[in-house]
Every structure is written in structure tokens, then in C-alpha cells.
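Undergrad: So I've got this file, model.pdb, and it contains PDB, C-alpha atoms, pLDDT in the B column:
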ATOM      1  CA  MET A   1     108.796  93.020 119.708  1.00 54.00           C
ATOM      2  CA  ALA A   2     111.874  94.166 117.815  1.00 71.00           C
ATOM      3  CA  GLU A   3     111.422  95.280 114.243  1.00 88.00           C
ATOM      4  CA  LEU A   4     114.015  92.744 113.104  1.00 95.00           C
ATOM      5  CA  ASN A   5     115.066  89.585 114.935  1.00 96.00           C
ATOM      6  CA  ILE A   6     118.333  87.999 113.878  1.00 97.00           C
ATOM      7  CA  SER A   7     119.246  84.452 114.981  1.00 98.00           C
ATOM      8  CA  GLU A   8     122.702  83.106 114.369  1.00 98.00           C
ATOM      9  CA  ARG A   9     123.692  79.569 113.331  1.00 98.00           C
ATOM     10  CA  GLN A  10     127.056  78.141 112.405  1.00 98.00           C
ATOM     11  CA  ALA A  11     127.528  75.605 109.572  1.00 98.00           C
ATOM     12  CA  GLY A  12     131.236  74.870 109.457  1.00 97.00           C
ATOM     13  CA  ASP A  13     132.924  78.197 108.917  1.00 97.00           C
ATOM     14  CA  VAL A  14     129.790  79.799 107.465  1.00 98.00           C
ATOM     15  CA  THR A  15     127.626  81.937 109.750  1.00 98.00           C
ATOM     16  CA  ILE A  16     123.966  81.866 108.823  1.00 98.00           C
ATOM     17  CA  LEU A  17     121.819  84.765 109.975  1.00 98.00           C
ATOM     18  CA  ASP A  18     118.118  83.882 110.034  1.00 98.00           C
ATOM     19  CA  MET A  19     116.376  87.223 109.782  1.00 98.00           C
ATOM     20  CA  ASP A  20     112.745  87.737 110.735  1.00 97.00           C
ATOM     21  CA  GLY A  21     110.905  91.043 110.414  1.00 96.00           C
ATOM     22  CA  LYS A  22     111.514  94.278 108.574  1.00 95.00           C
ATOM     23  CA  VAL A  23     114.736  95.871 107.349  1.00 96.00           C
ATOM     24  CA  THR A  24     113.784  99.542 107.237  1.00 94.00           C
ATOM     25  CA  LEU A  25     115.227 102.919 108.190  1.00 93.00           C
ATOM     26  CA  GLY A  26     116.021 102.889 111.890  1.00 88.00           C
ATOM     27  CA  GLU A  27     115.959  99.840 114.117  1.00 87.00           C
ATOM     28  CA  GLY A  28     115.952  97.106 111.439  1.00 87.00           C
ATOM     29  CA  SER A  29     118.849  98.539 109.465  1.00 91.00           C
ATOM     30  CA  VAL A  30     120.837  99.219 112.628  1.00 94.00           C
ATOM     31  CA  ALA A  31     120.310  95.638 113.886  1.00 95.00           C
ATOM     32  CA  LEU A  32     121.730  94.206 110.661  1.00 96.00           C
ATOM     33  CA  ARG A  33     124.688  96.620 110.648  1.00 96.00           C
ATOM     34  CA  THR A  34     125.543  95.885 114.286  1.00 97.00           C
ATOM     35  CA  THR A  35     125.421  92.114 113.742  1.00 97.00           C
ATOM     36  CA  ILE A  36     127.608  92.197 110.612  1.00 98.00           C
ATOM     37  CA  ARG A  37     130.206  94.443 112.269  1.00 97.00           C
ATOM     38  CA  ARG A  38     130.295  92.155 115.321  1.00 98.00           C
ATOM     39  CA  LEU A  39     130.782  89.033 113.190  1.00 98.00           C
ATOM     40  CA  LEU A  40     133.625  90.688 111.282  1.00 98.00           C
ATOM     41  CA  GLY A  41     135.169  91.675 114.606  1.00 98.00           C
ATOM     42  CA  GLU A  42     135.034  88.002 115.645  1.00 98.00           C
ATOM     43  CA  GLY A  43     136.786  87.000 112.421  1.00 98.00           C
ATOM     44  CA  LYS A  44     133.628  85.427 110.916  1.00 98.00           C
ATOM     45  CA  LYS A  45     133.870  86.387 107.286  1.00 98.00           C
ATOM     46  CA  LYS A  46     131.640  83.882 105.488  1.00 98.00           C
ATOM     47  CA  ILE A  47     128.113  85.101 106.026  1.00 98.00           C
ATOM     48  CA  LEU A  48     124.815  83.856 104.619  1.00 98.00           C
ATOM     49  CA  LEU A  49     121.771  86.084 105.140  1.00 98.00           C
ATOM     50  CA  ASN A  50     118.562  84.057 105.214  1.00 98.00           C
ATOM     51  CA  LEU A  51     115.873  86.572 104.210  1.00 98.00           C
ATOM     52  CA  GLY A  52     113.006  84.057 103.961  1.00 97.00           C
ATOM     53  CA  SER A  53     111.086  85.654 106.849  1.00 97.00           C
ATOM     54  CA  VAL A  54     111.826  89.253 105.945  1.00 97.00           C
ATOM     55  CA  GLY A  55     108.527  90.575 104.680  1.00 93.00           C
ATOM     56  CA  TYR A  56     109.464  94.171 104.097  1.00 94.00           C
ATOM     57  CA  VAL A  57     112.547  96.127 103.050  1.00 97.00           C
ATOM     58  CA  ASP A  58     112.741  99.831 102.176  1.00 97.00           C
ATOM     59  CA  SER A  59     115.475 101.738 100.332  1.00 97.00           C
ATOM     60  CA  SER A  60     117.402 102.128 103.576  1.00 96.00           C
ATOM     61  CA  GLY A  61     117.283  98.343 104.057  1.00 96.00           C
ATOM     62  CA  ILE A  62     118.541  97.801 100.516  1.00 97.00           C
ATOM     63  CA  GLY A  63     121.322 100.272 101.305  1.00 97.00           C
ATOM     64  CA  GLU A  64     122.148  98.292 104.441  1.00 97.00           C
ATOM     65  CA  LEU A  65     122.450  95.068 102.406  1.00 97.00           C
ATOM     66  CA  VAL A  66     124.866  96.871 100.068  1.00 98.00           C
ATOM     67  CA  SER A  67     126.783  98.277 103.025  1.00 97.00           C
ATOM     68  CA  SER A  68     127.031  94.810 104.619  1.00 98.00           C
ATOM     69  CA  PHE A  69     128.214  93.282 101.340  1.00 98.00           C
ATOM     70  CA  THR A  70     130.909  95.952 100.970  1.00 98.00           C
ATOM     71  CA  ALA A  71     132.030  95.707 104.613  1.00 98.00           C
ATOM     72  CA  VAL A  72     132.435  91.921 104.393  1.00 98.00           C
ATOM     73  CA  ASN A  73     134.265  92.136 101.036  1.00 98.00           C
ATOM     74  CA  LYS A  74     136.626  94.730 102.461  1.00 97.00           C
ATOM     75  CA  GLU A  75     137.640  92.244 105.159  1.00 97.00           C
ATOM     76  CA  GLY A  76     138.318  89.596 102.500  1.00 97.00           C
ATOM     77  CA  GLY A  77     135.089  87.743 103.259  1.00 98.00           C
ATOM     78  CA  THR A  78     131.950  86.787 101.371  1.00 98.00           C
ATOM     79  CA  LEU A  79     128.314  87.660 102.006  1.00 98.00           C
ATOM     80  CA  LYS A  80     125.557  85.820 100.150  1.00 98.00           C
ATOM     81  CA  LEU A  81     121.763  85.913 100.225  1.00 98.00           C
ATOM     82  CA  LEU A  82     119.350  83.029 100.764  1.00 98.00           C
ATOM     83  CA  ASN A  83     115.574  82.660 100.291  1.00 98.00           C
ATOM     84  CA  LEU A  84     114.621  86.015  98.839  1.00 97.00           C
ATOM     85  CA  THR A  85     110.903  86.723  98.966  1.00 96.00           C
ATOM     86  CA  GLN A  86     109.340  87.870  95.703  1.00 96.00           C
ATOM     87  CA  LYS A  87     109.123  91.415  97.046  1.00 96.00           C
ATOM     88  CA  ILE A  88     112.837  91.591  97.888  1.00 97.00           C
ATOM     89  CA  GLN A  89     113.732  89.978  94.580  1.00 97.00           C
ATOM     90  CA  ASP A  90     111.679  92.661  92.808  1.00 97.00           C
ATOM     91  CA  LEU A  91     113.431  95.437  94.764  1.00 98.00           C
ATOM     92  CA  LEU A  92     116.850  94.039  93.862  1.00 98.00           C
ATOM     93  CA  ALA A  93     115.761  93.864  90.210  1.00 97.00           C
ATOM     94  CA  ILE A  94     114.493  97.475  90.258  1.00 97.00           C
ATOM     95  CA  THR A  95     117.777  98.655  91.771  1.00 98.00           C
ATOM     96  CA  LYS A  96     119.831  96.442  89.393  1.00 98.00           C
ATOM     97  CA  LEU A  97     121.470  94.756  92.378  1.00 97.00           C
ATOM     98  CA  LEU A  98     120.418  91.186  91.529  1.00 95.00           C
ATOM     99  CA  THR A  99     123.652  90.699  89.609  1.00 93.00           C
ATOM    100  CA  VAL A 100     125.737  92.136  92.457  1.00 96.00           C
ATOM    101  CA  PHE A 101     124.588  89.668  95.109  1.00 97.00           C
ATOM    102  CA  ASP A 102     125.106  85.931  94.994  1.00 97.00           C
ATOM    103  CA  VAL A 103     121.574  84.629  95.628  1.00 98.00           C
ATOM    104  CA  TYR A 104     120.435  81.078  96.541  1.00 98.00           C
ATOM    105  CA  GLU A 105     117.105  79.362  97.076  1.00 97.00           C
ATOM    106  CA  ASN A 106     118.560  76.290  98.728  1.00 97.00           C
ATOM    107  CA  GLU A 107     120.609  76.393 101.928  1.00 98.00           C
ATOM    108  CA  GLY A 108     122.736  73.351 101.102  1.00 98.00           C
ATOM    109  CA  GLU A 109     123.640  74.747  97.722  1.00 98.00           C
ATOM    110  CA  ALA A 110     124.441  78.116  99.279  1.00 98.00           C
ATOM    111  CA  LEU A 111     126.727  76.496 101.878  1.00 98.00           C
ATOM    112  CA  ARG A 112     128.557  74.443  99.228  1.00 97.00           C
ATOM    113  CA  SER A 113     129.213  77.633  97.258  1.00 98.00           C
ATOM    114  CA  PHE A 114     131.393  78.925 100.113  1.00 97.00           C
ATOM    115  CA  GLU A 115     133.769  75.929  99.862  1.00 90.00           C
TER     116      GLU A 115
ATOM    117  CA  MET B 116      84.049 104.872  99.749  1.00 60.00           C
ATOM    118  CA  ASP B 117      82.934 108.340  98.632  1.00 70.00           C
ATOM    119  CA  GLU B 118      85.503 111.045  98.197  1.00 84.00           C
ATOM    120  CA  GLU B 119      87.474 111.334 101.425  1.00 91.00           C
ATOM    121  CA  LYS B 120      90.307 113.609 102.431  1.00 95.00           C
ATOM    122  CA  ILE B 121      92.441 113.615 105.540  1.00 96.00           C
ATOM    123  CA  GLU B 122      95.319 115.821 106.621  1.00 97.00           C
ATOM    124  CA  ILE B 123      97.991 114.612 108.999  1.00 96.00           C
ATOM    125  CA  ASN B 124     100.869 116.474 110.648  1.00 96.00           C
ATOM    126  CA  ILE B 125     103.865 114.275 111.251  1.00 95.00           C
ATOM    127  CA  PRO B 126     106.609 115.124 113.768  1.00 95.00           C
ATOM    128  CA  SER B 127     110.148 114.937 112.327  1.00 97.00           C
ATOM    129  CA  ARG B 128     111.146 111.719 114.066  1.00 95.00           C
ATOM    130  CA  LEU B 129     112.066 108.364 112.520  1.00 92.00           C
ATOM    131  CA  GLU B 130     109.332 106.676 114.604  1.00 91.00           C
ATOM    132  CA  SER B 131     106.739 108.883 112.889  1.00 93.00           C
ATOM    133  CA  ILE B 132     107.352 107.186 109.548  1.00 94.00           C
ATOM    134  CA  ASP B 133     105.575 103.974 110.595  1.00 93.00           C
ATOM    135  CA  LYS B 134     102.600 105.946 111.938  1.00 94.00           C
ATOM    136  CA  ALA B 135     102.249 107.860 108.660  1.00 96.00           C
ATOM    137  CA  VAL B 136     102.443 104.598 106.728  1.00 97.00           C
ATOM    138  CA  VAL B 137      99.796 102.919 108.909  1.00 97.00           C
ATOM    139  CA  GLU B 138      97.401 105.858 108.421  1.00 97.00           C
ATOM    140  CA  THR B 139      97.960 105.637 104.664  1.00 98.00           C
ATOM    141  CA  ILE B 140      97.456 101.869 104.526  1.00 97.00           C
ATOM    142  CA  ASN B 141      94.164 102.180 106.438  1.00 97.00           C
ATOM    143  CA  PHE B 142      93.056 104.940 104.073  1.00 97.00           C
ATOM    144  CA  ALA B 143      93.995 102.936 100.966  1.00 97.00           C
ATOM    145  CA  GLN B 144      92.168  99.863 102.277  1.00 96.00           C
ATOM    146  CA  ARG B 145      89.033 101.913 102.999  1.00 95.00           C
ATOM    147  CA  ALA B 146      89.283 103.261  99.448  1.00 95.00           C
ATOM    148  CA  GLY B 147      89.249  99.693  98.137  1.00 95.00           C
ATOM    149  CA  PHE B 148      92.809  99.374  96.824  1.00 97.00           C
ATOM    150  CA  SER B 149      94.109  95.833  96.327  1.00 97.00           C
ATOM    151  CA  GLU B 150      96.746  94.312  98.586  1.00 97.00           C
ATOM    152  CA  GLU B 151      99.345  94.770  95.840  1.00 97.00           C
ATOM    153  CA  ALA B 152      98.425  98.418  95.264  1.00 98.00           C
ATOM    154  CA  THR B 153      98.383  99.074  99.010  1.00 98.00           C
ATOM    155  CA  TYR B 154     101.912  97.636  99.299  1.00 97.00           C
ATOM    156  CA  ALA B 155     103.042  99.954  96.477  1.00 98.00           C
ATOM    157  CA  ILE B 156     101.447 102.976  98.206  1.00 98.00           C
ATOM    158  CA  ASP B 157     103.029 101.884 101.508  1.00 98.00           C
ATOM    159  CA  MET B 158     106.498 101.739  99.906  1.00 98.00           C
ATOM    160  CA  ALA B 159     106.161 105.135  98.215  1.00 98.00           C
ATOM    161  CA  VAL B 160     104.808 106.894 101.317  1.00 98.00           C
ATOM    162  CA  ARG B 161     107.500 105.350 103.524  1.00 97.00           C
ATOM    163  CA  GLU B 162     110.223 106.662 101.199  1.00 98.00           C
ATOM    164  CA  THR B 163     108.660 110.109 100.831  1.00 98.00           C
ATOM    165  CA  VAL B 164     108.071 110.643 104.550  1.00 98.00           C
ATOM    166  CA  ALA B 165     111.548 109.275 105.356  1.00 97.00           C
ATOM    167  CA  ASN B 166     113.088 111.779 102.912  1.00 96.00           C
ATOM    168  CA  ALA B 167     110.991 114.619 104.341  1.00 97.00           C
ATOM    169  CA  VAL B 168     111.899 113.780 107.958  1.00 97.00           C
ATOM    170  CA  LYS B 169     115.566 112.986 107.367  1.00 95.00           C
ATOM    171  CA  HIS B 170     116.751 115.046 104.390  1.00 95.00           C
ATOM    172  CA  GLY B 171     114.103 117.800 104.330  1.00 96.00           C
ATOM    173  CA  ASN B 172     113.499 118.654 107.976  1.00 97.00           C
ATOM    174  CA  LYS B 173     116.805 117.065 109.041  1.00 97.00           C
ATOM    175  CA  LEU B 174     115.140 115.489 112.091  1.00 96.00           C
ATOM    176  CA  ASP B 175     114.388 118.962 113.476  1.00 97.00           C
ATOM    177  CA  GLU B 176     111.416 118.317 115.757  1.00 93.00           C
ATOM    178  CA  THR B 177     110.321 121.949 115.571  1.00 95.00           C
ATOM    179  CA  LYS B 178     109.398 121.233 111.935  1.00 96.00           C
ATOM    180  CA  GLN B 179     106.461 119.096 110.844  1.00 97.00           C
ATOM    181  CA  VAL B 180     105.827 117.039 107.748  1.00 97.00           C
ATOM    182  CA  GLU B 181     102.365 117.697 106.323  1.00 98.00           C
ATOM    183  CA  MET B 182     100.577 114.872 104.564  1.00 98.00           C
ATOM    184  CA  THR B 183      97.254 115.030 102.717  1.00 98.00           C
ATOM    185  CA  LEU B 184      95.478 111.912 101.460  1.00 98.00           C
ATOM    186  CA  ARG B 185      92.595 112.293  99.027  1.00 97.00           C
ATOM    187  CA  ASN B 186      90.544 109.560  97.454  1.00 96.00           C
ATOM    188  CA  SER B 187      88.860 110.637  94.225  1.00 92.00           C
ATOM    189  CA  SER B 188      87.646 109.149  90.970  1.00 91.00           C
ATOM    190  CA  ASP B 189      91.245 109.408  89.642  1.00 92.00           C
ATOM    191  CA  GLY B 190      92.665 107.364  92.471  1.00 97.00           C
ATOM    192  CA  LEU B 191      94.544 108.054  95.672  1.00 98.00           C
ATOM    193  CA  GLU B 192      96.305 111.407  95.657  1.00 98.00           C
ATOM    194  CA  ILE B 193      99.014 111.950  98.256  1.00 98.00           C
ATOM    195  CA  ILE B 194     100.691 115.271  98.965  1.00 98.00           C
ATOM    196  CA  ILE B 195     103.637 115.402 101.357  1.00 98.00           C
ATOM    197  CA  ARG B 196     105.420 118.605 102.294  1.00 98.00           C
ATOM    198  CA  ASP B 197     108.510 119.249 104.386  1.00 97.00           C
ATOM    199  CA  PHE B 198     109.946 122.541 105.606  1.00 97.00           C
ATOM    200  CA  GLY B 199     113.581 122.075 104.634  1.00 96.00           C
ATOM    201  CA  GLU B 200     115.792 123.780 102.080  1.00 94.00           C
ATOM    202  CA  GLY B 201     114.310 122.095  99.008  1.00 94.00           C
ATOM    203  CA  PHE B 202     116.144 120.314  96.213  1.00 92.00           C
ATOM    204  CA  GLN B 203     116.065 119.686  92.477  1.00 93.00           C
ATOM    205  CA  VAL B 204     115.017 116.124  91.723  1.00 94.00           C
ATOM    206  CA  GLU B 205     116.892 116.179  88.403  1.00 94.00           C
ATOM    207  CA  GLU B 206     120.146 116.588  90.325  1.00 94.00           C
ATOM    208  CA  VAL B 207     119.720 113.342  92.257  1.00 95.00           C
ATOM    209  CA  PRO B 208     122.073 110.728  90.713  1.00 97.00           C
ATOM    210  CA  ASP B 209     120.506 107.681  89.064  1.00 97.00           C
ATOM    211  CA  PRO B 210     121.146 104.845  91.570  1.00 98.00           C
ATOM    212  CA  THR B 211     121.034 102.248  88.775  1.00 98.00           C
ATOM    213  CA  ASN B 212     124.054 103.722  86.980  1.00 97.00           C
ATOM    214  CA  PRO B 213     126.982 101.334  87.399  1.00 97.00           C
ATOM    215  CA  GLU B 214     129.064 103.945  89.260  1.00 97.00           C
ATOM    216  CA  ASN B 215     126.259 104.387  91.832  1.00 98.00           C
ATOM    217  CA  LEU B 216     125.232 100.751  92.313  1.00 97.00           C
ATOM    218  CA  MET B 217     127.242 100.234  95.488  1.00 97.00           C
ATOM    219  CA  LYS B 218     126.149 103.458  97.165  1.00 97.00           C
ATOM    220  CA  THR B 219     124.294 102.906 100.405  1.00 96.00           C
ATOM    221  CA  ASP B 220     121.626 105.537  99.781  1.00 95.00           C
ATOM    222  CA  GLY B 221     119.849 107.420  97.001  1.00 96.00           C
ATOM    223  CA  ARG B 222     117.235 104.801  96.014  1.00 98.00           C
ATOM    224  CA  GLY B 223     114.141 106.345  97.624  1.00 97.00           C
ATOM    225  CA  ILE B 224     113.129 108.459  94.622  1.00 97.00           C
ATOM    226  CA  LEU B 225     113.510 105.425  92.341  1.00 98.00           C
ATOM    227  CA  PHE B 226     111.098 103.496  94.584  1.00 98.00           C
ATOM    228  CA  MET B 227     108.594 106.375  94.628  1.00 98.00           C
ATOM    229  CA  LYS B 228     108.602 106.535  90.811  1.00 98.00           C
ATOM    230  CA  THR B 229     108.399 102.748  90.539  1.00 98.00           C
ATOM    231  CA  PHE B 230     105.500 102.210  92.901  1.00 98.00           C
ATOM    232  CA  MET B 231     103.251 105.160  92.002  1.00 98.00           C
ATOM    233  CA  ASP B 232     101.603 106.061  88.688  1.00 98.00           C
ATOM    234  CA  GLU B 233     102.535 109.733  88.911  1.00 98.00           C
ATOM    235  CA  VAL B 234     105.058 111.600  91.073  1.00 98.00           C
ATOM    236  CA  GLU B 235     105.866 115.311  90.916  1.00 98.00           C
ATOM    237  CA  TRP B 236     108.331 117.318  92.958  1.00 97.00           C
ATOM    238  CA  SER B 237     108.219 121.057  93.462  1.00 97.00           C
ATOM    239  CA  ASN B 238     109.809 123.548  95.827  1.00 95.00           C
ATOM    240  CA  HIS B 239     107.372 125.609  97.913  1.00 94.00           C
ATOM    241  CA  ALA B 240     107.764 129.393  97.608  1.00 91.00           C
ATOM    242  CA  GLU B 241     108.141 129.617 101.389  1.00 91.00           C
ATOM    243  CA  GLY B 242     110.597 126.732 101.583  1.00 91.00           C
ATOM    244  CA  GLY B 243     110.440 122.975 101.592  1.00 96.00           C
ATOM    245  CA  VAL B 244     109.631 120.301  99.061  1.00 97.00           C
ATOM    246  CA  ILE B 245     106.139 119.284  97.973  1.00 98.00           C
ATOM    247  CA  VAL B 246     105.733 115.771  96.592  1.00 98.00           C
ATOM    248  CA  LYS B 247     102.465 114.975  94.808  1.00 98.00           C
ATOM    249  CA  MET B 248     101.803 111.337  94.007  1.00 98.00           C
ATOM    250  CA  LEU B 249      98.903 109.486  92.449  1.00 98.00           C
ATOM    251  CA  LYS B 250      98.011 105.809  92.543  1.00 98.00           C
ATOM    252  CA  LYS B 251      95.312 105.153  89.979  1.00 97.00           C
ATOM    253  CA  LYS B 252      92.369 102.896  90.726  1.00 89.00           C
TER     254      LYS B 252
END
Would you mind writing the structure in this file as C-alpha cells?
TA:
Amino acid sequence: MAELNISERQAGDVTILDMDGKVTLGEGSVALRTTIRRLLGEGKKKILLNLGSVGYVDSSGIGELVSSFTAVNKEGGTLKLLNLTQKIQDLLAITKLLTVFDVYENEGEALRSFE
Amino acid sequence: MDEEKIEINIPSRLESIDKAVVETINFAQRAGFSEEATYAIDMAVRETVANAVKHGNKLDETKQVEMTLRNSSDGLEIIIRDFGEGFQVEEVPDPTNPENLMKTDGRGILFMKTFMDEVEWSNHAEGGVIVKMLKKK
């Protein structure tokens, strides 16, 4: 089984990525990077990362979230985070990135924020 | 568990990181650490071994990463050594400074300090970095 599985859904012009697994150095980080770059290539620039089933992230995974955020911004898009586990929330607090990312606990609210 | 010590040699491959972490988790569980403490040890070891494999040994498979785990009355002591060029930890930029926030790397040392009770870095006389960490019981 892959370290990180990413399923894609579309809600209007927002692409939701349901992520399941680990975002760590190697396969997990690469899977996220590849998916984000592909979406940008397809002109999909409103992206919501659903991290509810991501149980583990290391510093490389945090770096990949930052890299994704920057890549989407550079293309004039927006990347937001949904359903952070307590562990990921703690890591974003430790790294002082909680204020950088737009974070939601409710999918409907997150989708409305893109309008 | 009585005092226990194991030594593990880790090949300088990214896939080795998970194996080193699994060995450490098993050791910490045998030593009676809580789930929360085991997660913290897991995070710190993952970052340290990743640094040793990637930045220390630069993925050179002719070089090993040496890891020693020791359970004592003080807690779980972990020593990890690479065979790279060494570095000065004080020279690593603080990733929480506003000018570094959007950098994609440089957070591993912060995680090691956050998740362990004590962390010390030193350069080995014959080359490489030695990281000594302690998680208290």
C-alpha cells in the first residue's frame, strides 16, 4: 500500500484532495508535490487539502505543505487546509505556520471561503 | 524492562528511515513509554536519521548511520552518528523567524528539540555528527 493515498473530488471550481496516510520524506511528500503540480498544470488553482486521515507528518511533510502553498499562490491560486488532526495542528503551531495557512474544520465553510 | 542496549547500523537510504523508526518504537514500547512519549521519540528519531542519511552521509550507501538505543533509569538515551562532514548546530537558521517561515526545509532540528528532553550535537574527531538525545521516563 502506498504511503499516502490522495483522492480527488471537485466541488464547483474547488478541487478537494482527500489525503490518507503519511506525509513524510520520500514517497508521501513526492505524491503531494506531483498532485499539486498536475492540478496547477490543468488550471485548477483552488485547492483544499483534507488532512483528516493523515496520521503522521514529519518536517519534510511540513515543508511540502509550505511548498504547495507557495506554488499555488505563485499561479494566482489559493490552497487551504481542512480537518487538521491534533498532531498536525501542534506541528503547525511549533513551526509558527498556523497563521500562514487558512485552516477549516468544516468542509462547507471551507468551500464558501473560496467564493 | 531492565537496562537494555541495542546497536543498529542503518544503510544510507531513505527507505532505512522507517526501519530505524520501527526498531526505536518497539524498543520504547518494551521500555514502557506511553503512546504520547513514543510518538515524540518516533518524531525525533525520524528527523535525526533523515538528517544523517540525507545531509550527513548524502545518501552515500558506502556510509552507514550508527544508532544506539539504551534504556536506563534516566530514560531512553539515543545516540545517532553519521559519517559526513559535520556541521555547527548554532549556524542552522531558526525556522520560526519570519524570514524563514516559508522555507521548505530546516525544521528537523526544531522538532528534535521539541520532542526530546535533551539533545546535544557534537562533531566526531574522525568526521561526522553525533547526536545524543534523552527522553526522560
Undergrad: Determine, using only C-alpha atoms, which residues of chain B have any atom at most 10 Å from an atom of chain A, and tabulate each with its shortest atom pair and distance in Å to one decimal place, rows ordered by chain and then rising number, as a tab-separated table.
TA:
residue	atom	partner	partner_atom	distance
B:Leu129	CA	A:Gly26	CA	6.8
B:Glu130	CA	A:Gly26	CA	8.2
B:Ile132	CA	A:Leu25	CA	9.1
B:Asp133	CA	A:Thr24	CA	9.9
B:Tyr154	CA	A:Tyr56	CA	9.6
B:Asp157	CA	A:Asp58	CA	9.9
B:Met158	CA	A:Asp58	CA	6.9
B:Ala159	CA	A:Asp58	CA	9.3
B:Arg161	CA	A:Asp58	CA	7.7
B:Glu162	CA	A:Ser59	CA	7.3
B:Ala165	CA	A:Leu25	CA	7.9
B:Asp209	CA	A:Thr95	CA	9.8
B:Pro210	CA	A:Thr95	CA	7.1
B:Thr211	CA	A:Thr95	CA	5.7
B:Asn212	CA	A:Lys96	CA	8.8
B:Pro213	CA	A:Lys96	CA	8.9
B:Leu216	CA	A:Leu97	CA	7.1
B:Met217	CA	A:Val66	CA	6.2
B:Lys218	CA	A:Gly63	CA	7.1
B:Thr219	CA	A:Gly63	CA	4.1
B:Asp220	CA	A:Gly63	CA	5.5
B:Gly221	CA	A:Ser59	CA	7.9
B:Arg222	CA	A:Ser59	CA	5.6
B:Gly223	CA	A:Ser59	CA	5.5
B:Ile224	CA	A:Ser59	CA	9.1
B:Leu225	CA	A:Thr95	CA	8.0
B:Phe226	CA	A:Ser59	CA	7.4
B:Thr229	CA	A:Ile94	CA	8.1
Undergrad: Just C-alpha atoms for this one: save the residues we selected as a JSON list (two decimals), in the frame of the given file.
TA:
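Contents of selection_2.json, freshly written:
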[["chain", "number", "residue", "atom", "x", "y", "z"],
["B", 129, "LEU", "CA", 112.07, 108.36, 112.52],
["B", 130, "GLU", "CA", 109.33, 106.68, 114.60],
["B", 132, "ILE", "CA", 107.35, 107.19, 109.55],
["B", 133, "ASP", "CA", 105.58, 103.97, 110.60],
["B", 154, "TYR", "CA", 101.91, 97.64, 99.30],
["B", 157, "ASP", "CA", 103.03, 101.88, 101.51],
["B", 158, "MET", "CA", 106.50, 101.74, 99.91],
["B", 159, "ALA", "CA", 106.16, 105.14, 98.22],
["B", 161, "ARG", "CA", 107.50, 105.35, 103.52],
["B", 162, "GLU", "CA", 110.22, 106.66, 101.20],
["B", 165, "ALA", "CA", 111.55, 109.28, 105.36],
["B", 209, "ASP", "CA", 120.51, 107.68, 89.06],
["B", 210, "PRO", "CA", 121.15, 104.84, 91.57],
["B", 211, "THR", "CA", 121.03, 102.25, 88.78],
["B", 212, "ASN", "CA", 124.05, 103.72, 86.98],
["B", 213, "PRO", "CA", 126.98, 101.33, 87.40],
["B", 216, "LEU", "CA", 125.23, 100.75, 92.31],
["B", 217, "MET", "CA", 127.24, 100.23, 95.49],
["B", 218, "LYS", "CA", 126.15, 103.46, 97.16],
["B", 219, "THR", "CA", 124.29, 102.91, 100.40],
["B", 220, "ASP", "CA", 121.63, 105.54, 99.78],
["B", 221, "GLY", "CA", 119.85, 107.42, 97.00],
["B", 222, "ARG", "CA", 117.24, 104.80, 96.01],
["B", 223, "GLY", "CA", 114.14, 106.34, 97.62],
["B", 224, "ILE", "CA", 113.13, 108.46, 94.62],
["B", 225, "LEU", "CA", 113.51, 105.42, 92.34],
["B", 226, "PHE", "CA", 111.10, 103.50, 94.58],
["B", 229, "THR", "CA", 108.40, 102.75, 90.54]]
Undergrad: May I ask for the distance between CA of Gln179 in chain B and CA of Arg196 in chain B, given in Å to one decimal place?
TA: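 Pair CA of Gln179 in chain B / CA of Arg196 in chain B returns 8.6 Å.
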Undergrad: Given 8 Å on each side, where is the centre and what are the edge lengths in Å to one decimal of the axis-aligned box enclosing the listed atoms of range 51-67 of chain A, as JSON?
TA:
{"center_x": 117.7, "center_y": 93.1, "center_z": 103.5, "size_x": 34.3, "size_y": 34.1, "size_z": 22.8}
Undergrad: Please provide as a list in words all residues within 7 Å of range 74-78 of chain A, with the sequence filter that same-chain residues fewer than 5 positions apart are discarded (counting only C-alpha atoms).
TA: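 The contact residues come out as Lys45, Lys46 and Ile47 of chain A.
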Undergrad: Name all residues at most 9 Å from Asp102 in chain A (count all atoms listed in the file; drop same-chain ones fewer than 6 positions away) and give them as a list in words.
TA: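 The contact residues come out as Leu79, Lys80, Leu81, Leu82 and Ala110 of chain A.
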Undergrad: Could you jot down the CA of Ile140 in chain B to CA of Met182 in chain B separation for me, Å, one decimal place?
TA: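 So the answer is 13.4 Å.
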Undergrad: Would you work out the distance separating CA of Leu84 in chain A from CA of Leu51 in chain A, expressed in Å to one decimal?
TA: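 About the pair CA of Leu84 in chain A and CA of Leu51 in chain A: they are 5.5 Å apart.
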Undergrad: Specify as a ChimeraX atom specification each residue included when the PyMOL selection byres ((chain B and resi 237-250) around 9) is applied to this file.
TA: /B:152,155-156,159,163,167,171-172,189-204,227-228,230-236,251-252
Undergrad: Residues near Ala2 in chain A, anyone? I mean within 10 Å using all atoms listed in the file, not counting same-chain ones fewer than 3 positions away, as a list in words.
TA: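 So the residues in contact are Asn5, Ile6, Asp20, Gly21, Lys22, Glu27, Gly28 and Ala31 of chain A.
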Undergrad: Could you tell me which residues the PyMOL selection byres ((chain B and resi 117) around 10) returns for this structure, as a PyMOL selection string?
TA: chain B and resi 116+118-120+145-146+186-188
Undergrad: Expanded to explicit residues, what is the PyMOL selection byres ((chain A and resi 11) around 12) for this file, as a ChimeraX atom specification?
TA: /A:8-10,12-17,44,46-48,107-108,110-112,114-115
Undergrad: Could you check the closest approach to Val137 in chain B for each of B:Glu150, B:Val207, B:Asn124, B:Val160 and tell me which residue wins, using all atoms listed in the file?
TA: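 Of B:Glu150, B:Val207, B:Asn124, B:Val160, the one nearest Val137 in chain B, counting all atoms listed in the file, is B:Val160.
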Undergrad: Here is a test: counting all atoms listed in the file, which residue of A:Met19, A:Leu40, A:Gly52, A:Arg33 is nearest to Asn106 in chain A?
TA: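 Smallest separation from Asn106 in chain A among the options: A:Gly52.
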